[in-house]
Each structure stands twice: as structure tokens, then as C-alpha cells.
Amino acid sequence: MQKHVVVIGAGPAGLETSANLAKLGLRVTLVEKEAVAGGHLRKWHALFPDFLSGNDAIENITKGINESVKIQSDTKVTGLESVNEYFTVSGHNGWQEKADAVVLTTGFQLFDSHRKEEYGYGIYENVITSADLEELFASGKEFVNRHGDKPDRVGFVHCVGSRDEKVNNLHCSKVCCITAVKQAIEVKQLLPDAEVFCFYMDLRMFGRHYEELYKEAQEKYNIQFIRGRLSESTEDKDGKIVVKVEDTLLGKPLRIKVGLLVLMAGMEPQADTKLLTNMLGLKNVPDGFIQPVDETLKANYTEVPGVFIAGTCSGPKSVSDTLADARSAALAVADYLRI
């Protein structure tokens, strides 16, 4: 009989895992709690470093989905247990399936920037997040702040909710620095006369072509990078955001007014993931992501035979790294089922 695999989460990791499992001759059910597949990628205007549209990326990924993959949308998994040699997976709406293997691709959630109250998100209209800015780009509307003005200065704050002991997130989200560079360039393309500042702790340009994009941001677009920690944001009588920063290179405080302040929200484990790991007795690393058997040699394997992980449910990753991890997970499942 054809082996059956249930993949939980239809973001890029789930879609790519399912497509590759189908190519290997397996029957796949891809479960998604939302009405449509695509996850965060569906809401992302353009990807780094090549500015590929998020929707175009999804379209290319889903080309690999064939009739062997059934997408079960609008279904939140509420039950997951191992029964003899198979798994029973059930949803809130009465849906249930048996599977020979399960792949968790539940992804991440963005850090809730309201938790950094000193930055002013949810308090001041012209403090937004990187996700909010992507929605503005995608809308195609005129680039104005929440007061309807074209900002003459725009600031980006890196590492919001990442590498921060105060919110119990010690991990680096890996994509915030390069996302800030990409978004800063997009702002300059829309507002050539605006001054753009990036306030960072350390710049981590680890990926292919990231360093080149960072260099282009400085040389072509005159984006200013300030190594410093933001202490607080306030609003003046004109609705401008007053940013107080300690410049850690010069060793002195700075006070800059901007018309728009963008918080680069980091990645956190998806809240639903913990429920699933509890059902299966899986382990989590201290930052809350799922712990694989071995970070280096068996990154897609869990302590429970037949249960695999792919994508950002095991830690922050770029889209390209997520897709590579998904392909690796599909091969691991095939090896386990000995197809």
C-alpha cells in the first residue's frame, strides 16, 4: 500500500516538504489552520537579496504540488498520538487521518512588539513593524506615514525581540539585519530625498549576496548605519518620533527625530507548536523551538521515530534555508519509510 504522510503547516516548509514527498511516491495530507496556504510568505512583498515577490515565490513552490497531495485547510490540529505502528492526527472540526509518518512544519510567529513598550509600538501611530511596512509596500499605495505625510526621515531598529534577555529571547533571528537593509533600500527608492537610518547592535550579513546588498545600501542609497542601542522613543507635538540612542562606537547619546520608525520584529516559536510537542513528548531547546536529535547530523529527526521537523519550527531560517531544510526532511521521511 502507498505510504501516507501528514505534514502539519502549509507555509513554505510544508509546501516544499509535501511537494518532494509526492515526487518520491508518497501520499501526503498537508494540514493548514488558515484558509489559504503560504504562511508569512504570502504577506511578504519582496524577499532578500533579489527582491523576488513573496507571491511569486509561493507560486513557484506550489508548482511541485500534485494530485498525491491533499491540502486540508481551515483545520487546527488538536490531537496527535502514536498508535501501534502509525499516527492518528485529528482536527478541531472532526477531521481525522492515520499516517505512517508526520512532519511538523508549523513555522514561527513574529515577536509581539507591544512587549517592548519603550519603543512605542501601539502607543505612537508612526511606530510600525517590519511586517506592517511589507503590507504598505504590497498595497501599492502612496508611501506615507500614519499621519498621511511623506516622512523626511525613516529609522529602522534591529533586533526587536531577538538577542534580548529582558524578553527571554537570547537567540538571533538571522533575517532581521538583511530585511532592514532590503526595506531601507525600498524606502529610498520610493522617497529618494528621505534620510534613512539603521540602528543596529551587530550587523550579521551571513548569506550569499547579503554583504553586497549592505554595501549597495551605503554607497548607492546613502543609508546611514548607526551602531547603537535604542533606549526609548517618544512623540513630539508634530507627531514625529524622537529616538534616543546610545551610539556605542562614539560612546555618546544621540537624539534623532524621524517621521516613521520601523521595528524589525524577530522570530519566536509558533504558539501552536508547543501544544503539538506536548502531545508527542518532544523536547524543546531553551528558546522554545523544537529540539532535533542532533543539530548537525540529524536536524530533521526528533526523538520520536516517525516524527520529523522542517523549517523554522526548529529555529530561525531564511526562506532559502527553509526550502533546503524541507527537501532534506522529505528525504529523511523516505529513508524512514524505506521507499
# chains A, B, ... in the order shown; residues from 1 in each chain; ligands from 1
$ closest_atom_pairs --of "stretch 209-311 of chain A" --to "stretch 319-336 of chain A" --cutoff "10 Å" --atoms "only C-alpha atoms" --output "JSON lines"
{"residue": "A:Lys298", "atom": "CA", "partner": "A:Ala332", "partner_atom": "CA", "distance": 8.9}
{"residue": "A:Ala299", "atom": "CA", "partner": "A:Asp325", "partner_atom": "CA", "distance": 8.5}
{"residue": "A:Asn300", "atom": "CA", "partner": "A:Ala329", "partner_atom": "CA", "distance": 5.4}
{"residue": "A:Tyr301", "atom": "CA", "partner": "A:Ala332", "partner_atom": "CA", "distance": 7.7}
{"residue": "A:Pro305", "atom": "CA", "partner": "A:Tyr336", "partner_atom": "CA", "distance": 8.4}
{"residue": "A:Gly306", "atom": "CA", "partner": "A:Tyr336", "partner_atom": "CA", "distance": 7.0}
{"residue": "A:Val307", "atom": "CA", "partner": "A:Val333", "partner_atom": "CA", "distance": 8.5}
{"residue": "A:Phe308", "atom": "CA", "partner": "A:Ala329", "partner_atom": "CA", "distance": 6.8}
{"residue": "A:Ile309", "atom": "CA", "partner": "A:Ala329", "partner_atom": "CA", "distance": 6.8}
{"residue": "A:Ala310", "atom": "CA", "partner": "A:Ala326", "partner_atom": "CA", "distance": 5.2}
{"residue": "A:Gly311", "atom": "CA", "partner": "A:Thr322", "partner_atom": "CA", "distance": 4.6}
$ residues_around --residues "A:Phe289" --least-positions-apart "3" --cutoff "12 Å" --atoms "only C-alpha atoms" --output "ChimeraX atom specification"
/A:104-109,169,171,173,267-274,276-277,282-286,292,309-317
$ closest_residue --among "A:Gly94, A:Gly239, A:Gly288, A:Gly266" --to "A:Thr75" --atoms "only C-alpha atoms"
A:Gly94
$ atom_distance --atom1 "atom CA of A:Asp56" --atom2 "atom CA of A:Val187"
21.2 Å
$ closest_residue --among "A:Asn93, A:Thr62, A:Asn126, A:Ser113" --to "A:His158" --atoms "only C-alpha atoms"
A:Ser113
$ select_by_dssp --residues "stretch 128-300 of chain A" --states "helix (DSSP H, G or I)" --output "MDAnalysis selection string"
chainID A and resid 130:139 165:167 176:190 210:219 271:280
$ residues_around --residues "A:Arg229" --least-positions-apart "6" --cutoff "12 Å" --atoms "only C-alpha atoms" --output "VMD selection string"
chain A and resid 119 156 to 160 164 198 to 202 243 to 249 251 to 255
$ decode --residues "stretch 184-226 of chain A" --atoms "N, CA and C atoms" --output "PDB file, in the first residue's frame"
ATOM      1  N   ALA A 184      15.104  49.279   3.815  1.00  0.00           N
ATOM      2  CA  ALA A 184      15.675  50.627   3.751  1.00  0.00           C
ATOM      3  C   ALA A 184      15.902  51.048   2.301  1.00  0.00           C
ATOM      4  N   ILE A 185      16.382  50.120   1.488  1.00  0.00           N
ATOM      5  CA  ILE A 185      16.571  50.401   0.062  1.00  0.00           C
ATOM      6  C   ILE A 185      15.233  50.704  -0.606  1.00  0.00           C
ATOM      7  N   GLU A 186      14.214  49.916  -0.275  1.00  0.00           N
ATOM      8  CA  GLU A 186      12.890  50.136  -0.867  1.00  0.00           C
ATOM      9  C   GLU A 186      12.332  51.510  -0.479  1.00  0.00           C
ATOM     10  N   VAL A 187      12.570  51.915   0.765  1.00  0.00           N
ATOM     11  CA  VAL A 187      12.122  53.230   1.200  1.00  0.00           C
ATOM     12  C   VAL A 187      12.828  54.321   0.396  1.00  0.00           C
ATOM     13  N   LYS A 188      14.132  54.177   0.212  1.00  0.00           N
ATOM     14  CA  LYS A 188      14.888  55.178  -0.548  1.00  0.00           C
ATOM     15  C   LYS A 188      14.450  55.224  -2.015  1.00  0.00           C
ATOM     16  N   GLN A 189      14.058  54.086  -2.553  1.00  0.00           N
ATOM     17  CA  GLN A 189      13.568  54.070  -3.923  1.00  0.00           C
ATOM     18  C   GLN A 189      12.248  54.828  -4.054  1.00  0.00           C
ATOM     19  N   LEU A 190      11.428  54.750  -3.007  1.00  0.00           N
ATOM     20  CA  LEU A 190      10.143  55.445  -3.007  1.00  0.00           C
ATOM     21  C   LEU A 190      10.279  56.905  -2.588  1.00  0.00           C
ATOM     22  N   LEU A 191      11.236  57.172  -1.675  1.00  0.00           N
ATOM     23  CA  LEU A 191      11.451  58.523  -1.158  1.00  0.00           C
ATOM     24  C   LEU A 191      12.929  58.880  -1.297  1.00  0.00           C
ATOM     25  N   PRO A 192      13.377  59.203  -2.479  1.00  0.00           N
ATOM     26  CA  PRO A 192      14.812  59.440  -2.712  1.00  0.00           C
ATOM     27  C   PRO A 192      15.424  60.535  -1.843  1.00  0.00           C
ATOM     28  N   ASP A 193      14.611  61.503  -1.440  1.00  0.00           N
ATOM     29  CA  ASP A 193      15.141  62.631  -0.666  1.00  0.00           C
ATOM     30  C   ASP A 193      15.132  62.382   0.842  1.00  0.00           C
ATOM     31  N   ALA A 194      14.561  61.273   1.267  1.00  0.00           N
ATOM     32  CA  ALA A 194      14.471  60.999   2.703  1.00  0.00           C
ATOM     33  C   ALA A 194      15.812  60.513   3.250  1.00  0.00           C
ATOM     34  N   GLU A 195      16.074  60.839   4.517  1.00  0.00           N
ATOM     35  CA  GLU A 195      17.219  60.268   5.223  1.00  0.00           C
ATOM     36  C   GLU A 195      16.767  58.971   5.884  1.00  0.00           C
ATOM     37  N   VAL A 196      17.588  57.945   5.758  1.00  0.00           N
ATOM     38  CA  VAL A 196      17.232  56.643   6.322  1.00  0.00           C
ATOM     39  C   VAL A 196      18.348  56.170   7.249  1.00  0.00           C
ATOM     40  N   PHE A 197      17.957  55.763   8.455  1.00  0.00           N
ATOM     41  CA  PHE A 197      18.909  55.314   9.474  1.00  0.00           C
ATOM     42  C   PHE A 197      18.597  53.867   9.888  1.00  0.00           C
ATOM     43  N   CYS A 198      19.645  53.086  10.075  1.00  0.00           N
ATOM     44  CA  CYS A 198      19.503  51.745  10.656  1.00  0.00           C
ATOM     45  C   CYS A 198      20.272  51.724  11.976  1.00  0.00           C
ATOM     46  N   PHE A 199      19.560  51.446  13.066  1.00  0.00           N
ATOM     47  CA  PHE A 199      20.172  51.359  14.391  1.00  0.00           C
ATOM     48  C   PHE A 199      20.357  49.871  14.721  1.00  0.00           C
ATOM     49  N   TYR A 200      21.604  49.437  14.836  1.00  0.00           N
ATOM     50  CA  TYR A 200      21.883  48.012  14.979  1.00  0.00           C
ATOM     51  C   TYR A 200      22.801  47.740  16.161  1.00  0.00           C
ATOM     52  N   MET A 201      22.777  46.487  16.632  1.00  0.00           N
ATOM     53  CA  MET A 201      23.738  46.046  17.655  1.00  0.00           C
ATOM     54  C   MET A 201      24.998  45.512  16.978  1.00  0.00           C
ATOM     55  N   ASP A 202      24.803  44.529  16.107  1.00  0.00           N
ATOM     56  CA  ASP A 202      25.852  43.978  15.248  1.00  0.00           C
ATOM     57  C   ASP A 202      25.180  43.636  13.931  1.00  0.00           C
ATOM     58  N   LEU A 203      25.848  43.867  12.830  1.00  0.00           N
ATOM     59  CA  LEU A 203      25.283  43.502  11.540  1.00  0.00           C
ATOM     60  C   LEU A 203      25.714  42.088  11.184  1.00  0.00           C
ATOM     61  N   ARG A 204      24.746  41.226  10.939  1.00  0.00           N
ATOM     62  CA  ARG A 204      25.031  39.828  10.661  1.00  0.00           C
ATOM     63  C   ARG A 204      24.604  39.488   9.238  1.00  0.00           C
ATOM     64  N   MET A 205      25.508  39.733   8.298  1.00  0.00           N
ATOM     65  CA  MET A 205      25.257  39.512   6.877  1.00  0.00           C
ATOM     66  C   MET A 205      25.838  38.163   6.466  1.00  0.00           C
ATOM     67  N   PHE A 206      25.176  37.098   6.893  1.00  0.00           N
ATOM     68  CA  PHE A 206      25.772  35.765   6.764  1.00  0.00           C
ATOM     69  C   PHE A 206      25.493  35.093   5.426  1.00  0.00           C
ATOM     70  N   GLY A 207      24.494  35.572   4.678  1.00  0.00           N
ATOM     71  CA  GLY A 207      24.046  34.848   3.485  1.00  0.00           C
ATOM     72  C   GLY A 207      24.710  35.307   2.204  1.00  0.00           C
ATOM     73  N   ARG A 208      24.516  34.520   1.186  1.00  0.00           N
ATOM     74  CA  ARG A 208      25.046  34.810  -0.141  1.00  0.00           C
ATOM     75  C   ARG A 208      24.436  36.105  -0.663  1.00  0.00           C
ATOM     76  N   HIS A 209      25.272  37.069  -1.077  1.00  0.00           N
ATOM     77  CA  HIS A 209      24.898  38.368  -1.629  1.00  0.00           C
ATOM     78  C   HIS A 209      24.372  39.355  -0.578  1.00  0.00           C
ATOM     79  N   TYR A 210      24.330  38.961   0.696  1.00  0.00           N
ATOM     80  CA  TYR A 210      23.856  39.892   1.717  1.00  0.00           C
ATOM     81  C   TYR A 210      24.835  41.050   1.902  1.00  0.00           C
ATOM     82  N   GLU A 211      26.107  40.738   1.937  1.00  0.00           N
ATOM     83  CA  GLU A 211      27.122  41.766   2.141  1.00  0.00           C
ATOM     84  C   GLU A 211      27.111  42.768   0.989  1.00  0.00           C
ATOM     85  N   GLU A 212      26.902  42.251  -0.223  1.00  0.00           N
ATOM     86  CA  GLU A 212      26.854  43.136  -1.384  1.00  0.00           C
ATOM     87  C   GLU A 212      25.664  44.100  -1.298  1.00  0.00           C
ATOM     88  N   LEU A 213      24.529  43.582  -0.808  1.00  0.00           N
ATOM     89  CA  LEU A 213      23.351  44.428  -0.670  1.00  0.00           C
ATOM     90  C   LEU A 213      23.574  45.497   0.399  1.00  0.00           C
ATOM     91  N   TYR A 214      24.253  45.127   1.461  1.00  0.00           N
ATOM     92  CA  TYR A 214      24.596  46.076   2.528  1.00  0.00           C
ATOM     93  C   TYR A 214      25.503  47.183   1.990  1.00  0.00           C
ATOM     94  N   LYS A 215      26.470  46.800   1.182  1.00  0.00           N
ATOM     95  CA  LYS A 215      27.384  47.773   0.584  1.00  0.00           C
ATOM     96  C   LYS A 215      26.629  48.706  -0.361  1.00  0.00           C
ATOM     97  N   GLU A 216      25.731  48.139  -1.145  1.00  0.00           N
ATOM     98  CA  GLU A 216      24.926  48.943  -2.066  1.00  0.00           C
ATOM     99  C   GLU A 216      24.054  49.939  -1.309  1.00  0.00           C
ATOM    100  N   ALA A 217      23.516  49.500  -0.165  1.00  0.00           N
ATOM    101  CA  ALA A 217      22.675  50.381   0.650  1.00  0.00           C
ATOM    102  C   ALA A 217      23.448  51.629   1.080  1.00  0.00           C
ATOM    103  N   GLN A 218      24.716  51.458   1.402  1.00  0.00           N
ATOM    104  CA  GLN A 218      25.533  52.595   1.832  1.00  0.00           C
ATOM    105  C   GLN A 218      25.981  53.455   0.664  1.00  0.00           C
ATOM    106  N   GLU A 219      26.526  52.811  -0.363  1.00  0.00           N
ATOM    107  CA  GLU A 219      27.178  53.556  -1.445  1.00  0.00           C
ATOM    108  C   GLU A 219      26.199  54.144  -2.452  1.00  0.00           C
ATOM    109  N   LYS A 220      25.153  53.403  -2.789  1.00  0.00           N
ATOM    110  CA  LYS A 220      24.213  53.868  -3.806  1.00  0.00           C
ATOM    111  C   LYS A 220      23.073  54.683  -3.199  1.00  0.00           C
ATOM    112  N   TYR A 221      22.622  54.265  -2.003  1.00  0.00           N
ATOM    113  CA  TYR A 221      21.424  54.881  -1.425  1.00  0.00           C
ATOM    114  C   TYR A 221      21.720  55.765  -0.211  1.00  0.00           C
ATOM    115  N   ASN A 222      22.971  55.807   0.202  1.00  0.00           N
ATOM    116  CA  ASN A 222      23.379  56.681   1.314  1.00  0.00           C
ATOM    117  C   ASN A 222      22.589  56.405   2.596  1.00  0.00           C
ATOM    118  N   ILE A 223      22.297  55.153   2.849  1.00  0.00           N
ATOM    119  CA  ILE A 223      21.630  54.771   4.094  1.00  0.00           C
ATOM    120  C   ILE A 223      22.666  54.771   5.207  1.00  0.00           C
ATOM    121  N   GLN A 224      22.310  55.363   6.326  1.00  0.00           N
ATOM    122  CA  GLN A 224      23.257  55.522   7.433  1.00  0.00           C
ATOM    123  C   GLN A 224      23.047  54.413   8.472  1.00  0.00           C
ATOM    124  N   PHE A 225      24.148  53.742   8.800  1.00  0.00           N
ATOM    125  CA  PHE A 225      24.105  52.660   9.781  1.00  0.00           C
ATOM    126  C   PHE A 225      24.771  53.139  11.072  1.00  0.00           C
ATOM    127  N   ILE A 226      24.008  53.114  12.154  1.00  0.00           N
ATOM    128  CA  ILE A 226      24.491  53.601  13.451  1.00  0.00           C
ATOM    129  C   ILE A 226      24.493  52.444  14.436  1.00  0.00           C
TER     130      ILE A 226
END
